[in-house]
>>> print(open('start-v1.pdb').read())   # PDB, C-alpha atoms
ATOM      1  CA  ARG U   7      17.216  -4.440  21.335
ATOM      2  CA  SER U   8      19.806  -1.732  21.240
ATOM      3  CA  LEU U   9      19.060   1.608  19.635
ATOM      4  CA  PHE U  10      21.351   0.852  16.675
ATOM      5  CA  SER U  11      19.791  -2.551  15.943
ATOM      6  CA  SER U  12      16.302  -1.011  16.150
ATOM      7  CA  PHE U  13      17.393   1.661  13.685
ATOM      8  CA  LEU U  14      18.710  -1.004  11.267
ATOM      9  CA  PHE U  15      15.472  -2.968  11.644
ATOM     10  CA  ILE U  16      13.363   0.080  10.763
ATOM     11  CA  LEU U  17      15.714   1.105   7.949
ATOM     12  CA  HIS U  18      15.460  -2.349   6.340
ATOM     13  CA  PHE U  19      11.665  -2.226   6.238
ATOM     14  CA  PHE U  20      11.657   1.398   5.103
ATOM     15  CA  PHE U  21      13.630   0.348   2.010
ATOM     16  CA  SER U  22      11.086  -2.436   1.441
ATOM     17  CA  PHE U  23       8.326   0.177   1.593
ATOM     18  CA  LEU U  24      10.169   2.340  -0.949
ATOM     19  CA  HIS U  25      10.586  -0.715  -3.151
ATOM     20  CA  SER U  26       6.805  -1.265  -3.144
ATOM     21  CA  PHE U  27       6.217   2.361  -4.004
ATOM     22  CA  PHE U  28       8.768   2.115  -6.834
ATOM     23  CA  LEU U  29       7.139  -1.011  -8.269
ATOM     24  CA  ILE U  30       3.671   0.499  -8.272
ATOM     25  CA  PHE U  31       4.376   4.029  -9.308
ATOM     26  CA  LEU U  32       7.434   4.101 -11.550
ATOM     27  CA  TYR U  33       7.093   0.680 -13.170
ATOM     28  CA  SER U  34       3.509   1.304 -14.228
ATOM     29  CA  CYS U  35       4.410   4.830 -15.421
ATOM     30  CA  LEU U  36       6.831   3.305 -17.919
ATOM     31  CA  PHE U  37       3.996   1.328 -19.484
ATOM     32  CA  PHE U  38       1.618   4.272 -19.456
ATOM     33  CA  PHE U  39       4.114   6.671 -21.048
ATOM     34  CA  GLN U  40       4.632   4.113 -23.793
ATOM     35  CA  ALA U  41       0.859   3.926 -24.251
ATOM     36  CA  GLU U  42       0.517   7.735 -24.442
ATOM     37  CA  ASP U  43       2.744   7.758 -27.519
ATOM     38  CA  GLY U  44       0.284   5.526 -29.344
ATOM     39  CA  ILE U  45      -2.929   7.373 -28.403
ATOM     40  CA  ARG U  46      -4.880   8.416 -31.468
ATOM     41  CA  ASP U  47      -8.218   9.745 -30.212
ATOM     42  CA  ALA U  48      -9.918  11.253 -27.168
ATOM     43  CA  GLN U  49     -11.606   7.999 -26.101
ATOM     44  CA  GLU U  50      -8.251   6.253 -25.704
ATOM     45  CA  SER U  51      -6.990   9.291 -23.794
ATOM     46  CA  ARG U  52      -9.932   9.079 -21.365
ATOM     47  CA  GLY U  53      -9.222   5.378 -20.809
ATOM     48  CA  LEU U  54      -5.619   6.156 -19.954
ATOM     49  CA  GLY U  55      -6.827   8.881 -17.542
ATOM     50  CA  ASP U  56      -8.867   6.200 -15.751
ATOM     51  CA  VAL U  57      -5.723   4.114 -15.439
ATOM     52  CA  TYR U  58      -3.927   7.068 -13.843
ATOM     53  CA  LYS U  59      -6.804   7.483 -11.376
ATOM     54  CA  ARG U  60      -6.607   3.805 -10.430
ATOM     55  CA  GLN U  61      -2.871   4.132 -10.003
ATOM     56  CA  ALA U  62      -3.364   7.106  -7.666
ATOM     57  CA  LEU U  63      -5.937   5.117  -5.654
ATOM     58  CA  THR U  64      -3.503   2.206  -5.339
ATOM     59  CA  VAL U  65      -0.715   4.473  -4.118
ATOM     60  CA  GLY U  66      -3.207   6.084  -1.711
ATOM     61  CA  ALA U  67      -4.165   2.643  -0.403
ATOM     62  CA  LEU U  68      -0.464   1.832   0.073
ATOM     63  CA  PHE U  69       0.039   4.981   2.170
ATOM     64  CA  SER U  70      -3.201   4.399   4.069
ATOM     65  CA  ALA U  71      -2.278   0.815   4.924
ATOM     66  CA  SER U  72       1.262   1.849   5.870
ATOM     67  CA  PHE U  73       0.558   4.843   8.047
ATOM     68  CA  SER U  74      -2.790   4.051   9.660
ATOM     69  CA  ASN U  75      -3.139   2.492  13.095
ATOM     70  CA  PRO U  76      -3.551  -1.280  12.636
ATOM     71  CA  GLY U  77      -5.282  -1.609  16.012
ATOM     72  CA  ILE U  78      -2.446  -1.260  18.507
ATOM     73  CA  VAL U  79      -3.429  -2.262  22.032
ATOM     74  CA  PRO U  80      -1.542  -0.914  25.073
ATOM     75  CA  ARG U  81       0.269  -3.324  27.379
ATOM     76  CA  HIS U  82      -1.313  -4.131  30.746
ATOM     77  CA  SER U  83       0.461  -5.101  33.954
ATOM     78  CA  MET U  84      -2.772  -6.420  35.520
ATOM     79  CA  SER U  85      -5.508  -8.653  34.176
ATOM     80  CA  GLY U  86      -8.648  -6.834  33.095
ATOM     81  CA  GLY U  87     -10.996  -9.811  33.274
ATOM     82  CA  LYS U  88     -11.304 -13.575  33.560
ATOM     83  CA  ASP U  89     -10.915 -14.130  29.805
ATOM     84  CA  TRP U  90      -7.597 -12.267  29.652
ATOM     85  CA  ARG U  91      -4.383 -14.287  29.359
ATOM     86  CA  TRP U  92      -0.707 -13.697  30.023
ATOM     87  CA  SER U  93       1.556 -13.412  26.971
ATOM     88  CA  PRO U  94       5.189 -14.217  27.765
ATOM     89  CA  GLU U  95       6.377 -12.785  24.429
ATOM     90  CA  ALA U  96       4.691  -9.429  25.064
ATOM     91  CA  GLN U  97       5.292  -9.512  28.822
ATOM     92  CA  SER U  98       1.731  -8.279  29.257
ATOM     93  CA  TRP U  99      -1.813  -9.349  29.946
ATOM     94  CA  ILE U 100      -3.794  -9.409  26.713
ATOM     95  CA  CYS U 101      -7.517  -9.317  26.107
ATOM     96  CA  PRO U 102      -9.358 -11.661  23.708
ATOM     97  CA  ARG U 103      -8.758 -11.157  19.954
ATOM     98  CA  THR U 104      -5.406  -9.538  20.733
ATOM     99  CA  SER U 105      -2.095 -11.053  19.773
ATOM    100  CA  PHE U 106       1.568 -10.148  19.791
ATOM    101  CA  CYS U 107       3.407  -9.375  16.531
ATOM    102  CA  PRO U 108       7.049 -10.380  17.053
ATOM    103  CA  ASP U 109       8.233  -8.486  13.969
ATOM    104  CA  ALA U 110       6.946  -5.121  15.204
ATOM    105  CA  CYS U 111       6.980  -5.954  18.962
ATOM    106  CA  LEU U 112       3.388  -4.703  19.272
ATOM    107  CA  LEU U 113       0.095  -5.977  20.635
ATOM    108  CA  VAL U 114      -2.619  -5.673  17.978
ATOM    109  CA  GLU U 115      -6.268  -6.622  17.591
ATOM    110  CA  ASP U 116      -6.996  -9.427  15.100
ATOM    111  CA  HIS U 117      -3.395  -9.736  13.897
ATOM    112  CA  HIS U 118      -3.233 -10.912  10.272
ATOM    113  CA  HIS U 119       0.475 -10.672   9.389
ATOM    114  CA  PHE U 120       3.445  -8.343   9.185
ATOM    115  CA  CYS U 121       3.972  -7.120   5.623
ATOM    116  CA  ALA U 122       7.530  -6.053   4.841
ATOM    117  CA  PHE U 123       6.480  -4.344   1.609
ATOM    118  CA  VAL U 124       3.908  -2.153   3.331
ATOM    119  CA  ASN U 125       6.239  -1.955   6.340
ATOM    120  CA  THR U 126       3.611  -2.417   9.012
ATOM    121  CA  VAL U 127       1.478  -4.882  10.886
ATOM    122  CA  ILE U 128      -1.664  -5.815   8.976
ATOM    123  CA  ALA U 129      -4.520  -6.151  11.441
ATOM    124  CA  ARG U 130      -8.179  -5.263  11.937
ATOM    125  CA  ARG U 131      -8.075  -1.516  11.244
ATOM    126  CA  ASN U 132      -5.821  -1.431   8.183
ATOM    127  CA  LEU U 133      -6.799  -4.748   6.577
ATOM    128  CA  PRO U 134      -9.371  -3.176   4.177
ATOM    129  CA  CYS U 135      -6.737  -0.684   2.958
ATOM    130  CA  PHE U 136      -4.264  -3.532   2.514
ATOM    131  CA  TRP U 137      -6.741  -5.529   0.400
ATOM    132  CA  MET U 138      -7.469  -2.423  -1.676
ATOM    133  CA  PHE U 139      -3.730  -1.990  -2.197
ATOM    134  CA  MET U 140      -3.343  -5.642  -3.237
ATOM    135  CA  ALA U 141      -6.311  -5.506  -5.636
ATOM    136  CA  GLY U 142      -5.068  -2.251  -7.149
ATOM    137  CA  SER U 143      -1.557  -3.655  -7.564
ATOM    138  CA  ALA U 144      -2.890  -6.757  -9.295
ATOM    139  CA  MET U 145      -5.088  -4.630 -11.564
ATOM    140  CA  LEU U 146      -2.186  -2.343 -12.479
ATOM    141  CA  LEU U 147       0.011  -5.334 -13.219
ATOM    142  CA  LEU U 148      -2.685  -6.789 -15.469
ATOM    143  CA  LEU U 149      -3.192  -3.440 -17.225
ATOM    144  CA  GLY U 150       0.550  -3.097 -17.675
ATOM    145  CA  CYS U 151       0.679  -6.502 -19.346
ATOM    146  CA  VAL U 152      -2.256  -5.588 -21.607
ATOM    147  CA  ILE U 153      -0.594  -2.301 -22.597
ATOM    148  CA  LEU U 154       2.693  -4.128 -23.231
ATOM    149  CA  VAL U 155       0.990  -6.669 -25.504
ATOM    150  CA  TRP U 156      -1.013  -3.900 -27.195
ATOM    151  CA  GLY U 157       2.190  -1.955 -27.873
ATOM    152  CA  ALA U 158       3.934  -5.080 -29.213
ATOM    153  CA  VAL U 159       1.005  -5.831 -31.564
ATOM    154  CA  ASN U 160       0.961  -2.223 -32.817
ATOM    155  CA  LEU U 161       4.733  -2.334 -33.310
ATOM    156  CA  ILE U 162       4.481  -5.496 -35.415
ATOM    157  CA  ALA U 163       1.527  -4.218 -37.440
TER
END
>>> encode(input="start-v1.pdb", output="structure tokens")
Amino acid sequence: RSLFSSFLFILHFFFSFLHSFFLIFLYSCLFFFQAEDGIRDAQESRGLGDVYKRQALTVGALFSASFSNPGIVPRHSMSGGKDWRWSPEAQSWICPRTSFCPDACLLVEDHHHFCAFVNTVIARRNLPCFWMFMAGSAMLLLLGCVILVWGAVNLIA
């Protein structure tokens, strides 16, 4: 790849990463600000504080999954053992449990997939952070729907 095409490739996935951050952080804030207007007592306020903590943990999991090492393996010009194999895509000898990610052009241990929204390879070392990010995103989406319905019911009543 040329330097310009590599820059465009990285720029495209960086915007996908920003899109994920926008969906988690700003979209859920809209629901929570609406809910703060309807808070009547301290117990409801504490519950909303817990939601903010979960939101911060989800954003932390997004950054952890995005910027941690997924298990990158260096390329080898010589075989390191009898169970190693040649990878024509990577142009390298690779050890067992290592595979080539064509999207990132990297060798990684226990490759799972390349996530455009997290903007990185999901593999052995960052898979727990990725699952925490996915669970937190699903929980925030569910809480946002509950708050939306709760606000609609209070508006009608």
>>> atom_distance(input="start-v1.pdb", atom1="CA of Leu133 in chain U", atom2="CA of Pro94 in chain U")
26.1 Å
>>> residues_around(input="start-v1.pdb", residues="range 118-120 of chain U", least_positions_apart="3", cutoff="10 Å", atoms="all atoms listed in the file", output="list of chain:residue names")
U:Pro76, U:Ser105, U:Cys107, U:Pro108, U:Asp109, U:Ala110, U:Val114, U:Glu115, U:Phe123, U:Val124, U:Asn125, U:Thr126, U:Val127, U:Ile128, U:Ala129, U:Arg130, U:Leu133
>>> axis_aligned_box(input="start-v1.pdb", around="range 61-76 of chain U", padding_each_side="5 Å", output="AutoDock Vina command-line options")
--center_x -2.3 --center_y 2.9 --center_z 1.5 --size_x 17.2 --size_y 18.4 --size_z 33.1
>>> resolve_selection(input="start-v1.pdb", expression="the PyMOL selection byres ((chain U and resi 135-137) around 10)", output="list in words")
Thr64, Gly66, Ala67, Leu68, Phe69, Ser70, Ala71, Ser72, Ser74, Cys121, Val124, Ile128, Ala129, Arg131, Asn132, Leu133, Pro134, Met138, Phe139, Met140, Ala141, Gly142 and Ser143 of chain U
>>> atom_distance(input="start-v1.pdb", atom1="CA of Gln61 in chain U", atom2="CA of Ala122 in chain U")
20.8 Å
>>> closest_residue(input="start-v1.pdb", among="U:Trp156, U:Asn75, U:Tyr58, U:Arg81", to="Ser93 in chain U", atoms="all atoms listed in the file")
U:Arg81
>>> resolve_selection(input="start-v1.pdb", expression="the PyMOL selection byres ((chain U and resi 83) around 9)", output="ChimeraX atom specification")
/U:81-82,84-85,97-99
>>> atom_distance(input="start-v1.pdb", atom1="CA of Ala144 in chain U", atom2="CA of Ile78 in chain U")
28.3 Å
